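Chemist: What follows is protein-v4.csv, made up of CSV, C-alpha atoms:
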chain,number,residue,atom,x,y,z
A,1,MET,CA,36.7,-33.2,197.4
A,2,LYS,CA,38.4,-33.1,200.8
A,3,LEU,CA,37.5,-35.0,204.0
A,4,LYS,CA,39.1,-36.2,207.2
A,5,ILE,CA,38.3,-39.7,208.5
A,6,GLN,CA,39.2,-41.7,211.6
A,7,LYS,CA,41.5,-44.6,210.8
A,8,GLU,CA,39.2,-47.2,212.4
A,9,GLU,CA,36.1,-45.9,210.5
A,10,ILE,CA,37.6,-46.1,207.1
A,11,GLN,CA,39.4,-49.4,207.9
A,12,ASN,CA,36.1,-51.0,208.9
A,13,VAL,CA,34.1,-49.7,206.0
A,14,LEU,CA,36.8,-50.8,203.5
A,15,GLN,CA,37.0,-54.2,205.2
A,16,ASN,CA,33.3,-54.7,204.3
A,17,ILE,CA,33.8,-54.2,200.6
A,18,GLN,CA,37.0,-56.3,200.1
A,19,GLY,CA,35.1,-59.4,199.1
A,20,ILE,CA,32.9,-57.4,196.7
A,21,VAL,CA,35.4,-55.3,194.7
A,22,ASP,CA,36.8,-57.4,191.8
A,23,LYS,CA,40.5,-57.7,192.1
A,24,LYS,CA,41.2,-59.8,188.9
A,25,THR,CA,38.7,-58.0,186.7
A,26,THR,CA,39.2,-56.9,183.1
A,27,MET,CA,37.2,-53.8,184.0
A,28,PRO,CA,39.5,-51.6,186.2
A,29,ILE,CA,36.5,-49.7,187.6
A,30,LEU,CA,35.3,-52.8,189.5
A,31,SER,CA,38.4,-52.8,191.6
A,32,HIS,CA,37.5,-49.3,192.8
A,33,PHE,CA,34.8,-47.9,195.1
A,34,LEU,CA,32.9,-44.7,194.5
A,35,LEU,CA,33.3,-42.1,197.3
A,36,LYS,CA,30.6,-39.4,197.1
A,37,VAL,CA,30.9,-36.4,199.4
A,38,ASP,CA,28.1,-33.8,199.8
A,39,LYS,CA,26.5,-32.9,203.1
A,40,THR,CA,27.4,-36.5,204.2
A,41,ALA,CA,29.9,-39.0,202.8
A,42,SER,CA,28.9,-42.4,201.3
A,43,LEU,CA,30.6,-45.1,199.3
A,44,MET,CA,29.5,-47.8,196.8
A,45,ALA,CA,31.2,-50.9,195.6
A,46,THR,CA,30.1,-53.6,193.1
A,47,ASP,CA,31.3,-56.6,191.0
A,48,LEU,CA,28.1,-56.2,188.9
A,49,ASP,CA,26.4,-59.1,190.7
A,50,ILE,CA,26.7,-57.8,194.3
A,51,ALA,CA,26.7,-54.2,195.4
A,52,LEU,CA,27.2,-52.5,198.7
A,53,ARG,CA,26.4,-48.9,199.5
A,54,GLY,CA,26.7,-47.2,202.9
A,55,PRO,CA,27.6,-44.1,204.9
A,56,LEU,CA,31.1,-43.0,205.9
A,57,GLU,CA,31.4,-40.9,209.0
A,58,ALA,CA,33.8,-38.1,208.2
A,59,GLU,CA,34.6,-34.4,208.7
A,60,ILE,CA,33.7,-32.9,205.4
A,61,ILE,CA,35.9,-30.0,204.2
A,62,ASP,CA,35.0,-30.0,200.5
A,63,LYS,CA,32.4,-31.7,198.3
A,64,GLY,CA,33.1,-34.0,195.3
A,65,SER,CA,33.3,-37.6,194.1
A,66,LEU,CA,35.9,-40.0,192.9
A,67,CYS,CA,36.4,-43.7,192.3
A,68,ILE,CA,39.3,-44.9,194.5
A,69,PRO,CA,41.3,-48.2,194.3
A,70,ALA,CA,39.8,-50.2,197.2
A,71,ARG,CA,42.6,-52.7,197.9
A,72,LYS,CA,45.3,-50.1,198.0
A,73,LEU,CA,43.5,-47.6,200.3
A,74,PHE,CA,42.6,-50.5,202.6
A,75,GLU,CA,46.2,-51.5,202.9
A,76,ILE,CA,47.2,-47.9,203.6
A,77,ALA,CA,44.5,-47.5,206.2
A,78,LYS,CA,45.7,-50.6,208.0
A,79,GLU,CA,49.3,-49.4,208.1
A,80,VAL,CA,49.0,-45.7,209.1
A,81,GLU,CA,48.7,-44.7,212.7
A,82,GLY,CA,46.5,-41.6,212.7
A,83,ASP,CA,43.4,-40.1,211.1
A,84,ILE,CA,43.4,-40.0,207.3
A,85,LEU,CA,42.9,-36.9,205.1
A,86,LEU,CA,41.6,-37.6,201.6
A,87,GLU,CA,42.1,-34.8,199.0
A,88,ALA,CA,41.1,-35.0,195.3
A,89,GLN,CA,43.8,-33.6,192.9
A,90,GLU,CA,43.7,-32.9,189.2
A,91,ASN,CA,43.2,-35.6,186.6
A,92,ASN,CA,41.4,-38.0,189.1
A,93,TRP,CA,44.4,-38.3,191.4
A,94,ILE,CA,43.8,-38.5,195.2
A,95,ARG,CA,46.2,-37.6,197.9
A,96,VAL,CA,46.1,-39.6,201.1
A,97,THR,CA,47.8,-38.1,204.2
A,98,SER,CA,48.2,-39.4,207.7
A,99,GLY,CA,50.7,-38.0,210.1
A,100,LYS,CA,54.0,-37.7,208.2
A,101,SER,CA,52.9,-40.3,205.6
A,102,THR,CA,51.7,-39.2,202.2
A,103,PHE,CA,50.4,-41.3,199.3
A,104,LYS,CA,49.1,-40.5,195.9
A,105,LEU,CA,46.6,-42.9,194.2
A,106,MET,CA,45.4,-42.8,190.6
A,107,GLY,CA,41.6,-42.7,190.7
A,108,LEU,CA,38.8,-42.8,188.1
A,109,PRO,CA,35.9,-40.4,187.4
A,110,GLU,CA,32.5,-41.0,188.9
A,111,SER,CA,31.1,-41.3,185.4
A,112,ASP,CA,32.9,-44.6,184.9
A,113,PHE,CA,31.2,-46.3,187.8
A,114,PRO,CA,28.3,-48.6,187.0
A,115,ALA,CA,24.7,-47.6,187.9
A,116,LEU,CA,23.4,-49.6,190.8
A,117,PRO,CA,19.8,-50.9,191.0
A,118,GLU,CA,17.4,-48.8,193.1
A,119,VAL,CA,15.8,-50.4,196.1
A,120,ASN,CA,12.2,-51.4,195.4
A,121,LYS,CA,10.3,-50.8,198.7
A,122,SER,CA,6.9,-52.1,197.6
A,123,GLU,CA,7.1,-55.2,199.8
A,124,GLU,CA,9.4,-55.7,202.8
A,125,LEU,CA,10.3,-58.3,205.4
A,126,ILE,CA,12.0,-57.7,208.8
A,127,ILE,CA,14.4,-60.2,210.4
A,128,SER,CA,17.0,-59.9,213.1
A,129,ALA,CA,20.7,-60.0,212.0
A,130,GLU,CA,21.4,-62.8,214.5
A,131,LYS,CA,18.6,-65.0,213.0
A,132,LEU,CA,19.5,-64.3,209.4
A,133,GLY,CA,23.2,-65.0,210.1
A,134,GLY,CA,22.3,-68.2,211.8
A,135,MET,CA,20.2,-69.4,208.9
A,136,ILE,CA,23.0,-68.8,206.4
A,137,GLU,CA,25.5,-70.6,208.6
A,138,LYS,CA,23.2,-73.7,208.9
A,139,THR,CA,22.6,-73.9,205.1
A,140,VAL,CA,25.3,-72.3,203.0
A,141,TYR,CA,27.8,-75.2,203.4
A,142,ALA,CA,25.4,-77.5,201.4
A,143,THR,CA,25.2,-75.3,198.3
A,144,GLY,CA,26.8,-76.6,195.1
A,145,GLU,CA,29.7,-75.4,193.0
A,146,SER,CA,28.6,-76.9,189.7
A,147,ASP,CA,28.8,-75.3,186.3
A,148,THR,CA,25.9,-77.3,184.9
A,149,ARG,CA,23.3,-77.2,187.8
A,150,TYR,CA,23.8,-73.5,188.4
A,151,THR,CA,20.6,-73.1,190.3
A,152,LEU,CA,22.2,-75.2,193.1
A,153,ASN,CA,25.0,-72.6,193.4
A,154,GLY,CA,22.9,-70.5,195.7
A,155,LEU,CA,20.5,-70.6,198.6
A,156,LEU,CA,16.8,-70.8,198.0
A,157,LEU,CA,14.9,-68.2,200.0
A,158,HIS,CA,11.2,-69.3,200.1
A,159,PHE,CA,8.7,-66.9,201.5
A,160,THR,CA,5.1,-67.9,202.2
A,161,PRO,CA,2.5,-65.3,203.4
A,162,ARG,CA,0.6,-66.4,206.5
A,163,LYS,CA,-2.3,-64.5,208.3
A,164,LYS,CA,-0.1,-62.2,210.5
A,165,ASN,CA,3.4,-62.8,209.3
A,166,VAL,CA,5.6,-64.7,206.7
A,167,GLU,CA,7.1,-68.1,206.8
A,168,PHE,CA,10.7,-68.0,205.7
A,169,ARG,CA,12.5,-71.1,204.6
A,170,MET,CA,16.2,-71.2,203.5
A,171,VAL,CA,17.4,-74.2,201.6
A,172,GLY,CA,20.9,-75.3,200.4
A,173,THR,CA,21.7,-78.4,198.4
A,174,ASP,CA,24.3,-79.7,196.0
A,175,GLY,CA,22.3,-82.9,195.1
A,176,HIS,CA,24.2,-85.1,197.6
A,177,ARG,CA,23.0,-83.3,200.8
A,178,LEU,CA,20.4,-80.8,201.7
A,179,SER,CA,19.8,-78.4,204.6
A,180,LEU,CA,16.6,-76.6,205.4
A,181,ILE,CA,15.7,-74.1,208.2
A,182,THR,CA,12.3,-72.5,208.8
A,183,ILE,CA,11.5,-69.4,210.8
A,184,THR,CA,8.7,-66.8,211.0
A,185,VAL,CA,9.4,-63.2,210.1
A,186,GLU,CA,7.5,-59.9,210.2
A,187,GLY,CA,6.2,-58.4,207.0
A,188,LYS,CA,3.5,-58.7,204.3
A,189,LEU,CA,3.8,-60.3,200.9
A,190,SER,CA,1.1,-60.3,198.2
A,191,GLU,CA,2.1,-63.8,197.1
A,192,GLU,CA,4.5,-66.7,197.7
A,193,LYS,CA,8.0,-65.9,196.5
A,194,LYS,CA,11.0,-68.2,195.7
A,195,ILE,CA,14.3,-66.5,195.0
A,196,ILE,CA,17.8,-67.9,194.6
A,197,LEU,CA,20.6,-66.0,196.4
A,198,PRO,CA,24.1,-66.6,195.0
A,199,LYS,CA,26.5,-68.3,197.5
A,200,LYS,CA,29.0,-65.4,197.3
A,201,ALA,CA,26.2,-62.9,198.2
A,202,ALA,CA,25.1,-65.0,201.2
A,203,LEU,CA,28.7,-65.2,202.5
A,204,GLU,CA,29.2,-61.4,202.1
A,205,LEU,CA,25.9,-60.8,203.8
A,206,LYS,CA,26.8,-63.0,206.7
A,207,LYS,CA,30.2,-61.2,207.1
A,208,LEU,CA,28.5,-57.8,207.0
A,209,ILE,CA,25.9,-58.6,209.7
A,210,GLU,CA,28.1,-60.7,212.0
A,211,GLY,CA,27.8,-59.5,215.6
A,212,SER,CA,25.1,-57.0,214.9
A,213,ALA,CA,22.0,-56.8,217.1
A,214,GLU,CA,20.0,-54.7,214.6
A,215,ASP,CA,17.1,-55.8,212.4
A,216,ILE,CA,17.5,-56.3,208.7
A,217,THR,CA,14.9,-55.2,206.2
A,218,ILE,CA,14.6,-57.4,203.1
A,219,TYR,CA,13.2,-56.0,199.8
A,220,ILE,CA,12.6,-58.2,196.8
A,221,ASP,CA,12.1,-57.3,193.1
A,222,LYS,CA,12.1,-59.3,189.9
A,223,ASN,CA,15.9,-59.6,189.5
A,224,HIS,CA,17.4,-58.4,192.8
A,225,VAL,CA,17.2,-58.7,196.5
A,226,PHE,CA,18.1,-55.9,198.9
A,227,PHE,CA,19.3,-56.2,202.5
A,228,SER,CA,19.2,-53.0,204.5
A,229,ILE,CA,20.9,-52.7,207.9
A,230,GLY,CA,21.9,-49.5,209.7
A,231,GLY,CA,22.1,-47.3,206.6
A,232,VAL,CA,24.1,-49.9,204.7
A,233,VAL,CA,22.4,-51.7,201.7
A,234,LEU,CA,23.7,-54.9,200.2
A,235,THR,CA,22.2,-55.7,196.8
A,236,SER,CA,22.5,-59.0,195.0
A,237,ARG,CA,21.4,-60.1,191.5
A,238,LEU,CA,19.3,-63.3,191.8
A,239,ILE,CA,20.2,-66.6,190.1
A,240,GLU,CA,17.7,-67.2,187.3
A,241,GLY,CA,16.1,-70.6,186.9
A,242,THR,CA,13.9,-73.0,188.9
A,243,TYR,CA,15.1,-74.5,192.1
A,244,PRO,CA,14.4,-78.3,192.6
A,245,ASN,CA,11.4,-79.3,194.6
A,246,TYR,CA,13.2,-79.8,197.9
A,247,ASP,CA,10.2,-81.2,199.7
A,248,GLN,CA,10.4,-84.3,197.5
A,249,VAL,CA,13.9,-85.1,198.7
A,250,ILE,CA,13.0,-85.0,202.4
A,251,PRO,CA,12.2,-88.6,203.7
A,252,LYS,CA,8.9,-88.7,205.6
A,253,ASN,CA,8.6,-92.1,207.1
A,254,ASN,CA,12.0,-93.4,208.2
A,255,GLU,CA,11.5,-96.1,210.8
A,256,LYS,CA,15.0,-96.6,212.1
A,257,LYS,CA,16.1,-93.9,214.6
A,258,VAL,CA,19.5,-93.4,216.1
A,259,VAL,CA,20.3,-90.8,218.8
A,260,ILE,CA,24.0,-90.0,219.2
A,261,ASN,CA,26.1,-87.5,221.2
A,262,LYS,CA,27.1,-84.9,218.6
A,263,THR,CA,30.6,-84.1,220.0
A,264,GLU,CA,31.6,-87.8,220.4
A,265,PHE,CA,30.2,-88.6,216.9
A,266,LEU,CA,32.1,-85.7,215.3
A,267,ARG,CA,35.4,-86.7,216.9
A,268,ALA,CA,35.0,-90.3,215.9
A,269,LEU,CA,34.2,-89.3,212.3
A,270,ARG,CA,37.2,-87.1,212.1
A,271,ARG,CA,39.5,-89.9,213.4
A,272,THR,CA,38.0,-92.5,211.2
A,273,SER,CA,38.0,-90.3,208.0
A,274,ILE,CA,41.8,-90.0,208.3
A,275,MET,CA,42.1,-93.4,206.6
A,276,SER,CA,39.3,-92.9,204.1
A,277,ARG,CA,39.9,-92.5,200.4
A,278,GLU,CA,40.6,-88.9,199.5
A,279,ARG,CA,38.2,-88.8,196.6
A,280,THR,CA,35.1,-90.3,198.3
A,281,HIS,CA,35.8,-89.7,202.0
A,282,ALA,CA,33.7,-92.9,202.5
A,283,VAL,CA,33.1,-94.2,206.0
A,284,ARG,CA,31.1,-97.4,206.7
A,285,PHE,CA,28.6,-97.5,209.6
A,286,ASP,CA,27.7,-100.8,211.2
A,287,LEU,CA,24.6,-100.2,213.2
A,288,GLU,CA,23.5,-102.6,216.0
A,289,PRO,CA,21.5,-102.2,219.2
A,290,GLY,CA,23.3,-99.7,221.5
A,291,LYS,CA,26.3,-98.9,219.3
A,292,ILE,CA,27.7,-97.9,215.9
A,293,THR,CA,31.0,-99.1,214.5
A,294,LEU,CA,32.7,-96.7,212.1
A,295,ILE,CA,35.1,-98.2,209.6
A,296,SER,CA,37.2,-96.7,206.8
A,297,MET,CA,39.5,-98.6,204.5
A,298,ASN,CA,42.0,-97.5,202.0
A,299,PRO,CA,44.0,-100.3,200.3
A,300,ASP,CA,46.9,-98.0,199.7
A,301,ILE,CA,47.2,-96.9,203.3
A,302,GLY,CA,45.3,-99.1,205.8
A,303,GLU,CA,42.1,-98.9,207.8
A,304,ALA,CA,40.5,-97.3,210.9
A,305,ARG,CA,37.8,-98.7,213.2
A,306,GLU,CA,36.0,-97.0,216.1
A,307,GLU,CA,33.0,-97.9,218.2
A,308,ILE,CA,30.7,-95.3,219.8
A,309,ALA,CA,27.6,-95.6,222.0
A,310,ALA,CA,24.2,-94.8,220.4
A,311,GLN,CA,20.5,-95.1,221.3
A,312,TYR,CA,19.4,-97.6,218.6
A,313,LYS,CA,17.0,-100.5,219.0
A,314,GLY,CA,16.6,-101.6,215.4
A,315,GLU,CA,18.0,-104.6,213.4
A,316,GLN,CA,21.6,-104.7,212.3
A,317,MET,CA,22.3,-102.5,209.3
A,318,THR,CA,25.3,-101.3,207.3
A,319,VAL,CA,25.3,-97.9,205.5
A,320,GLY,CA,28.0,-95.7,204.1
A,321,TYR,CA,28.4,-91.9,204.0
A,322,ASN,CA,30.8,-89.3,202.7
A,323,ALA,CA,32.4,-88.4,206.1
A,324,ARG,CA,33.1,-84.8,205.0
A,325,TYR,CA,29.4,-84.1,204.2
A,326,LEU,CA,28.3,-85.6,207.5
A,327,MET,CA,30.9,-83.6,209.5
A,328,ASP,CA,29.6,-80.4,207.8
A,329,ILE,CA,26.1,-81.2,209.0
A,330,LEU,CA,27.2,-82.0,212.5
A,331,GLN,CA,29.2,-78.8,212.8
A,332,ALA,CA,26.1,-76.8,211.9
A,333,MET,CA,24.0,-78.5,214.5
A,334,GLY,CA,23.6,-76.7,217.9
A,335,SER,CA,22.2,-79.4,220.1
A,336,GLU,CA,24.1,-81.8,222.4
A,337,SER,CA,22.6,-84.9,220.6
A,338,VAL,CA,21.6,-85.5,217.1
A,339,LEU,CA,18.9,-87.8,215.7
A,340,MET,CA,19.5,-89.8,212.5
A,341,GLU,CA,16.5,-91.3,210.8
A,342,LEU,CA,17.1,-94.1,208.3
A,343,GLN,CA,15.1,-96.6,206.2
A,344,GLU,CA,17.2,-98.6,203.7
A,345,PRO,CA,21.0,-98.6,203.2
A,346,LEU,CA,20.7,-96.4,200.0
A,347,SER,CA,17.7,-94.3,200.9
A,348,PRO,CA,18.1,-90.7,202.1
A,349,THR,CA,19.0,-90.2,205.7
A,350,LEU,CA,17.4,-87.4,207.8
A,351,VAL,CA,19.6,-85.7,210.4
A,352,LEU,CA,17.9,-83.5,213.1
A,353,GLU,CA,18.9,-81.5,216.1
A,354,GLU,CA,17.3,-83.1,219.1
A,355,ASN,CA,13.9,-81.5,220.0
A,356,ASN,CA,14.1,-79.1,217.0
A,357,LYS,CA,11.9,-79.7,214.0
A,358,ASP,CA,12.6,-76.3,212.3
A,359,TYR,CA,16.1,-77.4,211.1
A,360,LEU,CA,16.7,-80.6,209.2
A,361,CYS,CA,19.4,-82.0,207.0
A,362,VAL,CA,19.3,-84.8,204.4
A,363,ILE,CA,22.3,-86.8,203.3
A,364,MET,CA,22.4,-89.4,200.6
A,365,PRO,CA,24.2,-92.6,201.6
A,366,MET,CA,27.0,-94.3,199.5
A,367,ARG,CA,27.5,-97.8,198.4
A,368,THR,CA,29.7,-99.7,200.9
Starting from the file, lay out its structure as structure tokens.
Modeler:
Amino acid sequence: MKLKIQKEEIQNVLQNIQGIVDKKTTMPILSHFLLKVDKTASLMATDLDIALRGPLEAEIIDKGSLCIPARKLFEIAKEVEGDILLEAQENNWIRVTSGKSTFKLMGLPESDFPALPEVNKSEELIISAEKLGGMIEKTVYATGESDTRYTLNGLLLHFTPRKKNVEFRMVGTDGHRLSLITITVEGKLSEEKKIILPKKAALELKKLIEGSAEDITIYIDKNHVFFSIGGVVLTSRLIEGTYPNYDQVIPKNNEKKVVINKTEFLRALRRTSIMSRERTHAVRFDLEPGKITLISMNPDIGEAREEIAAQYKGEQMTVGYNARYLMDILQAMGSESVLMELQEPLSPTLVLEENNKDYLCVIMPMRT
């Protein structure tokens, strides 16, 4: 195997797999990527849950295949200044040459590399990279990190067939907050599907498609989901189990409504939360017509109080929130103003972008 690759090309391709190759694994092969060279060159990387395969633009001199340490070759590619020549040697060694620099890396045979699942193309959906990336950004922060409620450690992808297209809902929740975004995508499905995409896979996918203007094709089978974009395929094993009924959590008839400037609200929350308890991040909200007073108290440090204008006409009310959770929600919102809908001090609060019903967030209040 022998091929010549531009520095930027191999650097970009290896950058895409750094989050997938397993650096602390007890299986050395998972810290390697498989480079296959025939008429074209391609590479594959996996941690057994997520896999990425894609093309590598190169000048091919000789065919072959080898598993190469991903981190070390990436570090070499970043530091050298010219094109890179990769040349397989005896006993799975590979020589890396660029200008006057030469490196030798110990590789592993192709036979050691795990088999990757094949793409099932029976049913497919098409979505733009920009829309999919936006959906992940607006929901992934709300996913859980619990060992016990493992189904919450991923995003629910809920597909419902309609007459001419498919309704696509993405949901993230950790039991304390929930985010839900709905869009319509091209494609046909034989039936409604609910799959749980692991958080790590969602973040790797977001990183992979960032800045792309291409469409992504989604394929789903029983245990895996495949995302195909520009010749690159990201595969993820699905989380097994049943996702909670998220519709039941969303409050339907909240009577108290508050409209607040998002930027002012976020800044006030950041300032007030400085004095909140580190464990709970609790901030108290005193609502009264035309304004909200934010208060945080920590007996060991002191207290903070701030008043902001708000469009609110209801009766006086006191409610508490985890400021960090509320700030995550506000940072994901794209509108100038946000709408909060409340009922009772301890009932779920709905947070919406102004004039957008396709994206909503729910946050559970705290006792004040």
Chemist: Quick one, how far is atom CA of Cys67 of chain A from atom CA of Asn223 of chain A?
Modeler: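 Answer for the atom CA of Cys67 of chain A to atom CA of Asn223 of chain A separation: 26.1 Å.
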Chemist: Pick out the residues sitting within 12 Å of His176 of chain A, and hand them over as a list in words; count all atoms listed in the file, and ignore anything fewer than 4 positions along from it in its own chain.
Modeler: Ala142, Thr143, Gly144, Leu152, Gly172, Val249, Tyr321, Asn322, Arg324, Tyr325, Leu326, Ser347, Pro348, Thr349, Cys361, Val362, Ile363, Met364, Pro365 and Met366 of chain A
Chemist: Atom CA of Arg367 of chain A and atom CA of Arg305 of chain A, how far apart in Å?
Modeler: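 Interatomic distance here is 18.1 Å.
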Chemist: Place a sphere of radius 9 Å on (24.5, -70.3, 213.3) in the file coordinates and name every protein, DNA or RNA residue with an atom inside or on its surface, counting only C-alpha atoms; give the answer as a ChimeraX atom specification.
Modeler: /A:130-138,332-334
Chemist: Report, in Å with one decimal, the straight-line distance from atom CA of Lys257 of chain A to atom CA of Arg284 of chain A.
Modeler: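 If I compute the distance from atom CA of Lys257 of chain A to atom CA of Arg284 of chain A, I get 17.3 Å.
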Chemist: For Lys199 of chain A, which residue among A:Ser146, A:Thr160, A:Asn245, A:Ser65 is the nearest when counting all atoms listed in the file?
Modeler: A:Ser146
Chemist: Would you list the contacts of Leu342 of chain A as a PDB file with C-alpha atoms, keeping the file's coordinate frame, taking every protein, DNA or RNA residue within 12 Å and counting all atoms listed in the file, but skipping same-chain residues closer than 4 positions in sequence?
Modeler:
ATOM      1  CA  ILE A 250      13.000 -85.000 202.400  1.00  0.00           C
ATOM      2  CA  PRO A 251      12.200 -88.600 203.700  1.00  0.00           C
ATOM      3  CA  LYS A 252       8.900 -88.700 205.600  1.00  0.00           C
ATOM      4  CA  ASN A 253       8.600 -92.100 207.100  1.00  0.00           C
ATOM      5  CA  ASN A 254      12.000 -93.400 208.200  1.00  0.00           C
ATOM      6  CA  GLU A 255      11.500 -96.100 210.800  1.00  0.00           C
ATOM      7  CA  LYS A 256      15.000 -96.600 212.100  1.00  0.00           C
ATOM      8  CA  LYS A 257      16.100 -93.900 214.600  1.00  0.00           C
ATOM      9  CA  VAL A 258      19.500 -93.400 216.100  1.00  0.00           C
ATOM     10  CA  VAL A 259      20.300 -90.800 218.800  1.00  0.00           C
ATOM     11  CA  LEU A 287      24.600-100.200 213.200  1.00  0.00           C
ATOM     12  CA  TYR A 312      19.400 -97.600 218.600  1.00  0.00           C
ATOM     13  CA  GLY A 314      16.600-101.600 215.400  1.00  0.00           C
ATOM     14  CA  GLU A 315      18.000-104.600 213.400  1.00  0.00           C
ATOM     15  CA  MET A 317      22.300-102.500 209.300  1.00  0.00           C
ATOM     16  CA  THR A 318      25.300-101.300 207.300  1.00  0.00           C
ATOM     17  CA  VAL A 319      25.300 -97.900 205.500  1.00  0.00           C
ATOM     18  CA  GLY A 320      28.000 -95.700 204.100  1.00  0.00           C
ATOM     19  CA  LEU A 346      20.700 -96.400 200.000  1.00  0.00           C
ATOM     20  CA  SER A 347      17.700 -94.300 200.900  1.00  0.00           C
ATOM     21  CA  PRO A 348      18.100 -90.700 202.100  1.00  0.00           C
ATOM     22  CA  THR A 349      19.000 -90.200 205.700  1.00  0.00           C
ATOM     23  CA  LEU A 350      17.400 -87.400 207.800  1.00  0.00           C
ATOM     24  CA  VAL A 351      19.600 -85.700 210.400  1.00  0.00           C
ATOM     25  CA  LEU A 352      17.900 -83.500 213.100  1.00  0.00           C
ATOM     26  CA  VAL A 362      19.300 -84.800 204.400  1.00  0.00           C
ATOM     27  CA  ILE A 363      22.300 -86.800 203.300  1.00  0.00           C
ATOM     28  CA  MET A 364      22.400 -89.400 200.600  1.00  0.00           C
ATOM     29  CA  PRO A 365      24.200 -92.600 201.600  1.00  0.00           C
TER      30      PRO A 365
END
Chemist: Counting all atoms listed in the file, figure out which residue out of A:Ala304, A:Leu56, A:Ile50, A:Leu66 gets nearest to Phe33 of chain A.
Modeler: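 The closest residue to Phe33 of chain A is A:Leu66.
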Chemist: Residues near Glu204 of chain A, anyone? I mean within 12 Å using only C-alpha atoms, not counting same-chain ones fewer than 3 positions away, as a PyMOL selection string.
Modeler: chain A and resi 15-21+46+49-52+133+136-137+140+197-201+207-210+227+233-236
